[in-house]
$ cat data-v7.cif   # mmCIF, C-alpha atoms
data_final
loop_
_atom_site.label_atom_id
_atom_site.label_comp_id
_atom_site.auth_asym_id
_atom_site.auth_seq_id
_atom_site.Cartn_x
_atom_site.Cartn_y
_atom_site.Cartn_z
CA MET C 1 -7.69 -0.43 -5.25
CA SER C 2 -10.29 -2.09 -3.00
CA ARG C 3 -9.92 -3.81 0.33
CA PHE C 4 -12.41 -6.39 -0.89
CA LYS C 5 -9.78 -8.14 -2.99
CA ILE C 6 -8.31 -9.45 0.25
CA LEU C 7 -11.28 -11.82 0.53
CA ALA C 8 -9.78 -14.13 -2.07
CA MET C 9 -6.60 -14.43 0.00
CA LEU C 10 -8.11 -14.84 3.47
CA PRO C 11 -8.99 -18.57 3.39
CA LEU C 12 -5.43 -19.39 2.32
CA ALA C 13 -4.03 -17.04 4.96
CA VAL C 14 -6.09 -18.76 7.65
CA MET C 15 -4.97 -22.24 6.56
CA LEU C 16 -1.30 -21.24 6.46
CA SER C 17 -1.45 -19.50 9.81
CA GLY C 18 -1.93 -22.73 11.76
CA CYS C 19 -3.40 -21.94 15.15
CA ASN C 20 -3.11 -18.17 14.70
CA TYR C 21 -6.61 -17.10 13.70
CA VAL C 22 -5.92 -13.36 13.81
CA VAL C 23 -7.89 -12.80 10.59
CA LEU C 24 -10.99 -14.17 12.33
CA ALA C 25 -10.24 -12.43 15.65
CA PRO C 26 -8.86 -8.99 14.65
CA ALA C 27 -8.14 -6.01 16.85
CA GLY C 28 -9.40 -3.28 14.51
CA ASP C 29 -12.86 -2.32 13.28
CA ILE C 30 -11.90 -2.42 9.57
CA ALA C 31 -10.46 -5.93 9.88
CA ALA C 32 -13.55 -6.96 11.89
CA GLN C 33 -15.82 -5.81 9.07
CA GLN C 34 -13.69 -7.73 6.59
CA ARG C 35 -13.98 -10.82 8.79
CA ASP C 36 -17.76 -10.45 8.77
CA LEU C 37 -17.69 -10.30 4.97
CA VAL C 38 -15.71 -13.53 4.84
CA ILE C 39 -18.08 -15.32 7.21
CA ILE C 40 -21.25 -14.10 5.46
CA SER C 41 -19.86 -14.95 2.01
CA THR C 42 -18.84 -18.42 3.18
CA VAL C 43 -22.26 -19.12 4.69
CA LEU C 44 -24.04 -17.96 1.53
CA MET C 45 -21.91 -20.23 -0.62
CA LEU C 46 -22.41 -23.17 1.75
CA LEU C 47 -26.18 -22.83 1.22
CA ILE C 48 -25.51 -24.26 -2.24
CA VAL C 49 -22.41 -26.35 -1.65
CA VAL C 50 -23.72 -28.41 1.30
CA PRO C 51 -27.06 -29.43 -0.31
CA VAL C 52 -25.32 -30.32 -3.58
CA MET C 53 -22.77 -32.53 -1.82
CA ALA C 54 -25.48 -34.14 0.32
CA LEU C 55 -27.74 -34.80 -2.66
CA THR C 56 -24.83 -36.27 -4.61
CA VAL C 57 -24.38 -38.93 -1.91
CA LEU C 58 -28.15 -39.42 -1.58
CA PHE C 59 -28.71 -39.93 -5.31
CA ALA C 60 -25.79 -42.33 -5.58
CA TRP C 61 -27.23 -44.40 -2.73
CA ARG C 62 -30.88 -44.11 -3.75
CA TYR C 63 -30.42 -45.03 -7.38
CA ARG C 64 -27.77 -47.72 -7.01
CA GLN C 65 -28.17 -50.73 -9.27
CA SER C 66 -29.15 -53.09 -6.45
CA ASN C 67 -32.07 -50.91 -5.28
CA THR C 68 -35.02 -52.34 -7.18
CA ASP C 69 -37.52 -50.17 -5.24
CA ALA C 70 -36.27 -46.92 -6.82
CA ARG C 71 -38.35 -45.48 -9.65
CA TYR C 72 -36.88 -46.20 -13.06
CA GLU C 73 -37.88 -43.64 -15.72
CA PRO C 74 -35.42 -43.79 -18.64
CA GLU C 75 -37.61 -41.48 -20.79
CA TRP C 76 -37.79 -38.64 -18.23
CA ASP C 77 -36.09 -35.43 -19.47
CA HIS C 78 -37.67 -32.34 -17.88
CA SER C 79 -39.22 -30.93 -14.69
CA THR C 80 -40.22 -27.27 -14.48
CA SER C 81 -40.26 -27.33 -10.69
CA LEU C 82 -36.78 -28.82 -10.54
CA GLU C 83 -35.46 -26.28 -13.09
CA LEU C 84 -36.83 -23.42 -10.98
CA VAL C 85 -35.06 -24.73 -7.88
CA ILE C 86 -31.80 -25.41 -9.71
CA TRP C 87 -31.60 -21.92 -11.24
CA SER C 88 -33.35 -19.67 -8.73
CA ALA C 89 -31.36 -20.71 -5.64
CA PRO C 90 -27.89 -20.02 -7.16
CA LEU C 91 -29.24 -16.82 -8.74
CA LEU C 92 -30.40 -15.53 -5.35
CA ILE C 93 -27.00 -16.40 -3.84
CA ILE C 94 -25.19 -14.54 -6.63
CA VAL C 95 -27.44 -11.48 -6.15
CA CYS C 96 -26.70 -11.47 -2.42
CA LEU C 97 -22.96 -11.89 -2.97
CA GLY C 98 -23.00 -9.14 -5.60
CA ALA C 99 -24.76 -6.72 -3.24
CA LEU C 100 -22.37 -7.64 -0.44
CA THR C 101 -19.38 -7.14 -2.72
CA TRP C 102 -20.65 -3.77 -3.95
CA MET C 103 -21.26 -2.45 -0.45
CA GLY C 104 -17.95 -3.79 0.86
CA THR C 105 -16.01 -2.34 -2.06
CA HIS C 106 -17.30 1.17 -1.36
CA LEU C 107 -17.72 1.18 2.42
CA LEU C 108 -14.34 -0.47 3.00
CA ASP C 109 -12.44 1.45 0.34
CA PRO C 110 -8.94 1.97 1.85
CA TYR C 111 -8.97 5.58 0.58
CA ARG C 112 -12.25 6.33 2.37
CA THR C 113 -11.94 8.15 5.70
CA LEU C 114 -13.38 6.31 8.66
CA GLY C 115 -16.98 6.97 9.61
CA ARG C 116 -16.73 5.02 12.85
CA ILE C 117 -14.11 3.52 15.15
CA HIS C 118 -16.32 0.67 16.32
CA ALA C 119 -19.72 -0.78 15.53
CA ASP C 120 -21.30 1.34 18.26
CA ARG C 121 -18.95 4.36 18.28
CA ALA C 122 -18.59 7.16 15.76
CA VAL C 123 -15.33 8.98 15.07
CA ASP C 124 -14.53 11.73 17.58
CA GLN C 125 -14.19 14.74 15.29
CA SER C 126 -12.42 16.73 18.01
CA LYS C 127 -9.47 14.32 17.94
CA ALA C 128 -7.15 14.56 14.92
CA PRO C 129 -6.25 11.26 13.23
CA LEU C 130 -2.73 9.89 13.49
CA GLU C 131 -0.72 10.51 10.32
CA VAL C 132 1.87 7.86 9.42
CA ASP C 133 4.03 7.82 6.28
CA VAL C 134 5.10 4.29 5.32
CA VAL C 135 8.08 3.50 3.07
CA ALA C 136 8.83 -0.07 1.98
CA LEU C 137 12.61 -0.46 1.70
CA ASP C 138 14.81 -3.44 0.76
CA TRP C 139 14.09 -5.29 3.11
CA LYS C 140 12.68 -3.31 5.98
CA TRP C 141 9.91 -0.83 6.79
CA LEU C 142 10.38 2.88 7.50
CA PHE C 143 7.62 4.69 9.40
CA ILE C 144 7.58 8.49 9.60
CA TYR C 145 5.34 10.36 12.05
CA PRO C 146 5.16 13.87 10.51
CA ASP C 147 3.11 15.36 13.37
CA TYR C 148 5.69 14.24 15.93
CA GLY C 149 8.88 14.65 13.89
CA ILE C 150 10.12 11.09 14.51
CA ALA C 151 10.75 7.99 12.40
CA THR C 152 11.22 4.31 13.13
CA VAL C 153 12.44 1.21 11.33
CA ASN C 154 10.45 -2.02 11.77
CA ASP C 155 8.50 -0.55 14.69
CA LEU C 156 4.99 0.90 14.53
CA ALA C 157 2.65 2.09 17.27
CA ALA C 158 -0.72 3.80 17.44
CA PRO C 159 -3.16 4.80 20.20
CA VAL C 160 -6.29 2.73 20.69
CA ASP C 161 -9.53 4.10 19.17
CA ARG C 162 -7.76 6.84 17.23
CA PRO C 163 -8.11 6.78 13.41
CA ILE C 164 -4.85 6.18 11.54
CA ASN C 165 -4.16 7.65 8.10
CA PHE C 166 -1.40 5.75 6.30
CA ARG C 167 0.34 7.17 3.23
CA ILE C 168 2.31 4.37 1.60
CA THR C 169 5.10 4.24 -0.99
CA ALA C 170 8.23 2.21 -1.74
CA SER C 171 11.86 2.91 -2.52
CA SER C 172 12.36 0.32 -5.27
CA VAL C 173 10.32 -2.82 -5.97
CA MET C 174 6.64 -3.30 -5.15
CA ASN C 175 5.72 -4.60 -1.70
CA SER C 176 2.48 -5.05 0.20
CA PHE C 177 1.77 -3.45 3.58
CA TYR C 178 -0.29 -5.82 5.71
CA ILE C 179 -1.26 -5.94 9.39
CA PRO C 180 -3.90 -8.72 9.56
CA ALA C 181 -5.23 -7.59 12.94
CA LEU C 182 -5.73 -4.02 11.70
CA ALA C 183 -6.93 -3.98 8.08
CA GLY C 184 -6.50 -5.53 4.66
CA GLN C 185 -3.25 -5.36 2.72
CA ILE C 186 -2.43 -2.48 0.39
CA TYR C 187 0.39 -2.26 -2.14
CA ALA C 188 3.48 -0.05 -1.79
CA MET C 189 4.95 1.04 -5.14
CA PRO C 190 7.90 3.32 -6.02
CA GLY C 191 6.96 6.74 -7.35
CA MET C 192 3.32 6.18 -6.34
CA GLU C 193 1.30 6.72 -3.17
CA THR C 194 -1.45 4.49 -1.83
CA LYS C 195 -3.54 5.17 1.25
CA LEU C 196 -5.07 3.15 4.04
CA HIS C 197 -7.42 4.28 6.82
CA ALA C 198 -7.73 2.06 9.87
CA VAL C 199 -8.14 1.97 13.65
CA VAL C 200 -7.04 -0.39 16.41
CA ASN C 201 -9.61 -1.08 19.15
CA HIS C 202 -7.71 -3.37 21.49
CA ALA C 203 -4.34 -2.80 23.12
CA GLY C 204 -1.73 -5.38 22.28
CA SER C 205 1.17 -6.34 20.05
CA TYR C 206 0.46 -7.50 16.51
CA ARG C 207 2.50 -8.70 13.55
CA GLY C 208 2.90 -6.74 10.33
CA PHE C 209 4.72 -7.85 7.20
CA SER C 210 4.97 -7.62 3.43
CA ALA C 211 2.48 -9.86 1.64
CA ASN C 212 4.20 -9.51 -1.74
CA TYR C 213 7.46 -11.35 -2.50
CA SER C 214 10.22 -8.82 -3.17
CA GLY C 215 13.55 -10.63 -3.22
CA ALA C 216 16.19 -12.29 -1.08
CA GLY C 217 15.40 -10.54 2.21
CA PHE C 218 11.64 -10.87 1.96
CA SER C 219 11.30 -13.45 4.74
CA GLY C 220 12.74 -10.98 7.27
CA MET C 221 10.63 -8.04 6.14
CA HIS C 222 8.26 -7.90 9.10
CA PHE C 223 7.62 -5.49 11.96
CA ASN C 224 5.82 -5.18 15.28
CA PHE C 225 2.65 -3.09 15.56
CA GLN C 226 1.62 -1.95 19.03
CA GLY C 227 -1.82 -0.76 20.06
CA LEU C 228 -1.33 1.50 23.09
CA ASP C 229 -3.49 3.66 25.30
CA ASP C 230 -2.96 7.43 25.07
CA LYS C 231 -0.52 7.50 27.97
CA GLY C 232 1.47 4.57 26.61
CA PHE C 233 1.62 6.11 23.14
CA ASP C 234 2.88 9.43 24.53
CA ALA C 235 5.59 7.52 26.41
CA TRP C 236 6.51 5.66 23.20
CA ILE C 237 6.84 8.95 21.31
CA ALA C 238 8.94 10.46 24.10
CA SER C 239 11.21 7.41 24.10
CA ALA C 240 11.75 7.70 20.36
CA LYS C 241 12.52 11.42 20.63
CA SER C 242 15.03 10.98 23.43
CA GLY C 243 16.77 7.83 22.29
CA GLY C 244 16.92 8.19 18.52
CA GLY C 245 19.26 9.83 16.06
CA SER C 246 18.53 12.12 13.13
CA LEU C 247 17.13 11.03 9.77
CA GLY C 248 17.97 13.38 6.91
CA ARG C 249 18.76 12.90 3.26
CA ALA C 250 22.23 11.47 3.80
CA GLU C 251 21.09 9.09 6.54
CA TYR C 252 18.15 7.92 4.43
CA LEU C 253 20.36 7.12 1.44
CA GLN C 254 22.43 4.86 3.69
CA LEU C 255 19.31 3.31 5.22
CA GLU C 256 17.81 2.70 1.77
CA LYS C 257 20.59 0.31 0.73
CA PRO C 258 19.45 -3.32 0.72
CA SER C 259 19.90 -5.11 4.03
CA GLN C 260 18.28 -8.08 5.71
CA ASN C 261 16.81 -8.77 9.15
CA GLU C 262 17.22 -5.18 10.35
CA PRO C 263 16.66 -4.57 14.08
CA VAL C 264 14.30 -1.91 15.38
CA ARG C 265 15.72 1.58 14.95
CA ARG C 266 14.34 4.96 16.02
CA TYR C 267 15.08 8.52 14.94
CA GLY C 268 14.31 11.41 17.29
CA THR C 269 14.28 13.96 14.48
CA VAL C 270 13.46 13.60 10.79
CA ASP C 271 13.62 15.88 7.76
CA SER C 272 10.07 17.23 7.38
CA ASP C 273 10.35 17.02 3.58
CA LEU C 274 11.83 13.52 3.44
CA TYR C 275 8.68 11.60 2.56
CA ARG C 276 7.88 13.93 -0.35
CA LEU C 277 11.41 13.49 -1.68
CA ILE C 278 11.18 9.69 -1.37
CA LEU C 279 7.83 9.67 -3.15
CA ASN C 280 9.22 11.82 -5.98
CA MET C 281 12.48 9.83 -6.20
CA CYS C 282 14.73 12.83 -5.64
CA VAL C 283 16.33 12.36 -2.22
CA GLU C 284 19.75 12.92 -3.81
CA THR C 285 20.69 16.59 -3.68
CA GLY C 286 20.39 18.28 -7.06
CA LYS C 287 18.25 15.60 -8.68
CA MET C 288 15.07 16.54 -10.54
CA CYS C 289 11.93 15.41 -8.73
CA GLN C 290 9.27 13.37 -10.49
CA SER C 291 6.71 16.07 -9.70
CA GLU C 292 8.90 18.70 -11.38
CA MET C 293 9.30 16.57 -14.48
CA MET C 294 5.53 16.02 -14.67
CA ALA C 295 4.92 19.75 -14.23
CA ILE C 296 7.26 20.50 -17.15
CA ASP C 297 5.50 17.87 -19.27
CA ALA C 298 2.12 19.37 -18.35
CA LYS C 299 3.29 22.68 -19.81
CA GLY C 300 4.19 21.05 -23.10
CA GLY C 301 7.57 19.54 -22.31
CA LEU C 302 10.92 20.57 -23.66
CA GLY C 303 10.65 19.28 -27.20
CA HIS C 304 13.66 17.57 -28.71
CA GLU C 305 15.92 18.66 -25.86
CA GLY C 306 13.61 16.95 -23.38
CA LEU C 307 14.47 13.53 -24.81
CA ASN C 308 17.42 13.51 -22.42
CA ASN C 309 14.94 13.16 -19.57
CA THR C 310 13.41 9.97 -20.89
CA LEU C 311 16.18 7.44 -20.29
CA PRO C 312 16.89 8.45 -16.68
CA LEU C 313 13.17 8.39 -15.94
CA ALA C 314 13.06 4.65 -16.71
CA TYR C 315 14.93 4.84 -14.29
CA ASP C 316 18.12 6.16 -12.73
CA LYS C 317 16.91 4.84 -9.38
CA TYR C 318 19.78 2.37 -9.04
CA ALA C 319 22.48 4.50 -10.66
CA ARG C 320 24.39 5.01 -7.43
CA ARG C 321 24.53 1.21 -7.06
CA GLY C 322 26.01 0.94 -10.55
CA THR C 323 23.43 -1.51 -11.91
CA ALA C 324 21.33 0.51 -14.37
CA LEU C 325 23.29 3.07 -16.35
CA GLY C 326 26.82 1.78 -15.96
CA PRO C 327 29.63 2.71 -13.57
CA GLU C 328 29.16 6.48 -14.05
CA PRO C 329 26.16 7.55 -11.92
CA THR C 330 23.98 9.95 -13.91
CA PHE C 331 20.59 11.57 -13.50
CA VAL C 332 18.54 14.54 -14.64
CA ALA C 333 19.64 17.62 -12.71
CA GLY C 334 17.19 19.26 -10.33
CA THR C 335 15.52 22.59 -10.86
CA CYS C 336 16.98 25.47 -8.85
CA THR C 337 17.29 23.34 -5.76
CA PRO C 338 17.43 25.24 -2.46
CA ASP C 339 20.28 22.97 -1.44
CA ALA C 340 22.63 24.55 -4.00
CA PRO C 341 25.54 26.50 -2.48
CA GLN C 342 25.08 30.24 -2.51
CA GLY C 343 26.16 31.82 -5.78
CA ARG C 344 25.59 28.68 -7.83
CA THR C 345 22.69 27.43 -9.91
CA THR C 346 21.55 24.12 -11.28
CA ALA C 347 21.03 22.95 -14.82
CA SER C 348 17.50 24.07 -15.38
CA ILE C 349 14.71 26.49 -14.64
CA THR C 350 12.15 26.21 -11.85
CA ALA C 351 9.14 24.05 -12.77
CA PRO C 352 6.34 24.51 -13.59
CA VAL C 353 7.33 27.17 -16.12
CA ASP C 354 5.47 28.35 -19.21
CA THR C 355 8.23 28.50 -21.82
CA ALA C 356 6.04 29.98 -24.57
CA PRO C 357 6.91 33.64 -23.75
CA LEU C 358 10.61 32.75 -23.73
CA LEU C 359 10.40 31.02 -27.09
CA GLY C 360 8.36 33.90 -28.51
CA ALA C 361 11.14 36.27 -27.53
CA GLY C 362 13.59 34.26 -29.59
CA LEU C 363 15.19 32.40 -26.69
CA LYS C 364 16.10 28.78 -27.07
CA ARG C 365 14.14 26.17 -25.21
CA PRO C 366 16.06 25.21 -22.02
CA SER C 367 17.68 21.80 -21.97
CA PHE C 368 17.73 19.25 -19.15
CA THR C 369 20.69 16.93 -19.54
CA PRO C 370 21.92 14.07 -17.38
CA LEU C 371 24.83 15.15 -15.19
CA LYS C 372 27.33 13.16 -13.22
CA SER C 373 26.44 13.01 -9.57
CA SER C 374 29.73 14.69 -8.72
CA SER C 375 28.85 17.81 -10.73
CA PHE C 376 25.39 19.01 -9.78
CA PHE C 377 26.10 22.72 -10.24
CA LEU C 378 27.11 24.58 -13.35
CA GLY C 379 29.02 27.52 -11.98
CA GLN C 380 28.47 31.04 -10.73
CA ARG C 381 25.01 32.55 -10.93
CA PRO C 382 25.07 35.55 -13.32
CA LYS C 383 24.52 38.92 -11.68
CA SER C 384 21.23 40.67 -12.33
CA ASP C 385 19.75 44.08 -11.53
CA SER C 386 16.33 42.53 -10.89
#
$ encode --input "data-v7.cif" --output "structure tokens"
Amino acid sequence: MSRFKILAMLPLAVMLSGCNYVVLAPAGDIAAQQRDLVIISTVLMLLIVVPVMALTVLFAWRYRQSNTDARYEPEWDHSTSLELVIWSAPLLIIVCLGALTWMGTHLLDPYRTLGRIHADRAVDQSKAPLEVDVVALDWKWLFIYPDYGIATVNDLAAPVDRPINFRITASSVMNSFYIPALAGQIYAMPGMETKLHAVVNHAGSYRGFSANYSGAGFSGMHFNFQGLDDKGFDAWIASAKSGGGSLGRAEYLQLEKPSQNEPVRRYGTVDSDLYRLILNMCVETGKMCQSEMMAIDAKGGLGHEGLNNTLPLAYDKYARRGTALGPEPTFVAGTCTPDAPQGRTTASITAPVDTAPLLGAGLKRPSFTPLKSSSFFLGQRPKSDS
């Protein structure tokens, strides 16, 4: 997915923004390069548009019926010189726009790590980039800072001139992560991860929001992004650590429920595995993760018994809200989850597992069946000498 697609949206964004020309006066190097692309592309197109509009008026005035001094040549039908001008000029413009598009698509690829932090400054390789995990919820934004062990809701900050690596996903419907002053928008989709690399060069407070309509609370799905100096960012982190609560699985499941116009919230500690669980749609204890299911499928799947996995995959996401699979919440049980109480086991084997040796020994292929959320575990683990 390329940043360059944002070019088609920028003129409309500028018109709708009124007097806020943040797209043309950004605070980050990536957004500044995108602005340059917009300006250069517009100028190149105006090289054709302006002369055509001017000549249209000139011809209408020059060859009006009352002007008897104008040459009248009803039999004229061809001019090689005029054909060369008409075709060569637009062709040159298209070649220039194509080259510009190609370079922008690759150099400004959101998955590409930054090669510079400013036009005249390269990335300081001795300074690690800031890692931020972004989760689009209904209808709010969750930001997790894995290196600092904190999380925030509708509040994002980063130090000036330090590269930022965003990993982006969503809890339910598709949204679009967009900070106009920082970089182009990138989609957030459930069960998938997109990436964005950016940097902020000027301290200040900037607006971020979802650029993709996602339901009733969409209009309130915005957040504040702060560009801070190193000292200010350290103070911001310390404030979040001291004043926030804890964000684990249970707290996330409550936070994930749809809500509108959420205030800023901070968590001083966060489950280090939470983002991976959100991405794999298995925050609920005992639920099979998407990565586990894909690993099983990569080994050949479970045959006929594996059909039970198909329905919940498409998807039991909303089961606990009672809107997808009926009033009885069901899902595919997890694989030997470490959260199981001691002495108990879950419904299936650890993935990835090559089941061919088991089947060759005459054992039946294991079955993964949807279980009620109130009965994750199947009983006592059998004793073994091994």
$ residues_around --input "data-v7.cif" --residues "segment 125-128 of chain C" --least-positions-apart "3" --cutoff "9 Å" --atoms "only C-alpha atoms" --output "list in words"
Ala122, Glu131, Arg162 and Pro163 of chain C
$ closest_residue --input "data-v7.cif" --among "C:Ala183, C:Ala25, C:Ile30, C:Ile40" --to "Thr101 of chain C" --atoms "all atoms listed in the file"
C:Ile40
$ closest_residue --input "data-v7.cif" --among "C:Ser88, C:Gln226, C:Ser172, C:Val123" --to "Pro190 of chain C" --atoms "all atoms listed in the file"
C:Ser172
$ atom_distance --input "data-v7.cif" --atom1 "atom CA of Leu114 of chain C" --atom2 "atom CA of Trp236 of chain C"
24.6 Å
$ residues_around --input "data-v7.cif" --residues "Glu193 of chain C" --least-positions-apart "6" --cutoff "10 Å" --atoms "all atoms listed in the file" --output "JSON, numbers by chain"
{"C": [133, 134, 135, 166, 167, 168, 169, 170, 187, 279, 280]}
$ closest_residue --input "data-v7.cif" --among "C:Trp87, C:Tyr206, C:Tyr252, C:Phe177" --to "Trp141 of chain C" --atoms "only C-alpha atoms"
C:Phe177
$ atom_distance --input "data-v7.cif" --atom1 "atom CA of Arg249 of chain C" --atom2 "atom CA of Glu284 of chain C"
7.1 Å
$ atom_distance --input "data-v7.cif" --atom1 "atom CA of Thr194 of chain C" --atom2 "atom CA of Thr113 of chain C"
13.4 Å
$ resolve_selection --input "data-v7.cif" --expression "the PyMOL selection byres ((chain C and resi 200) around 10)" --output "list in words"
Pro26, Ala27, Gly28, Asp29, Ile30, Ala31, Ile117, His118, Ala158, Pro159, Val160, Asp161, Arg162, Pro163, Ile164, Ala181, Leu182, Ala183, Ala198, Val199, Asn201, His202, Ala203, Gly204, Gln226, Gly227 and Leu228 of chain C
$ resolve_selection --input "data-v7.cif" --expression "the PyMOL selection byres ((chain C and resi 147) around 12)" --output "mmCIF file with C-alpha atoms, keeping the file's coordinate frame"
data_model
loop_
_atom_site.group_PDB
_atom_site.id
_atom_site.type_symbol
_atom_site.label_atom_id
_atom_site.label_comp_id
_atom_site.auth_asym_id
_atom_site.auth_seq_id
_atom_site.Cartn_x
_atom_site.Cartn_y
_atom_site.Cartn_z
ATOM 1 C CA ALA C 128 -7.150 14.560 14.920
ATOM 2 C CA PRO C 129 -6.250 11.260 13.230
ATOM 3 C CA LEU C 130 -2.730 9.890 13.490
ATOM 4 C CA GLU C 131 -0.720 10.510 10.320
ATOM 5 C CA VAL C 132 1.870 7.860 9.420
ATOM 6 C CA ASP C 133 4.030 7.820 6.280
ATOM 7 C CA ILE C 144 7.580 8.490 9.600
ATOM 8 C CA TYR C 145 5.340 10.360 12.050
ATOM 9 C CA PRO C 146 5.160 13.870 10.510
ATOM 10 C CA TYR C 148 5.690 14.240 15.930
ATOM 11 C CA GLY C 149 8.880 14.650 13.890
ATOM 12 C CA ILE C 150 10.120 11.090 14.510
ATOM 13 C CA ALA C 151 10.750 7.990 12.400
ATOM 14 C CA ASN C 165 -4.160 7.650 8.100
ATOM 15 C CA ILE C 237 6.840 8.950 21.310
ATOM 16 C CA THR C 269 14.280 13.960 14.480
ATOM 17 C CA VAL C 270 13.460 13.600 10.790
ATOM 18 C CA ASP C 271 13.620 15.880 7.760
ATOM 19 C CA SER C 272 10.070 17.230 7.380
#
$ closest_residue --input "data-v7.cif" --among "C:Ala157, C:Phe143, C:Ala70, C:Leu44" --to "Asp230 of chain C" --atoms "only C-alpha atoms"
C:Ala157
$ closest_residue --input "data-v7.cif" --among "C:Ser219, C:Ala211, C:Val153, C:Gly300" --to "Pro180 of chain C" --atoms "all atoms listed in the file"
C:Ala211
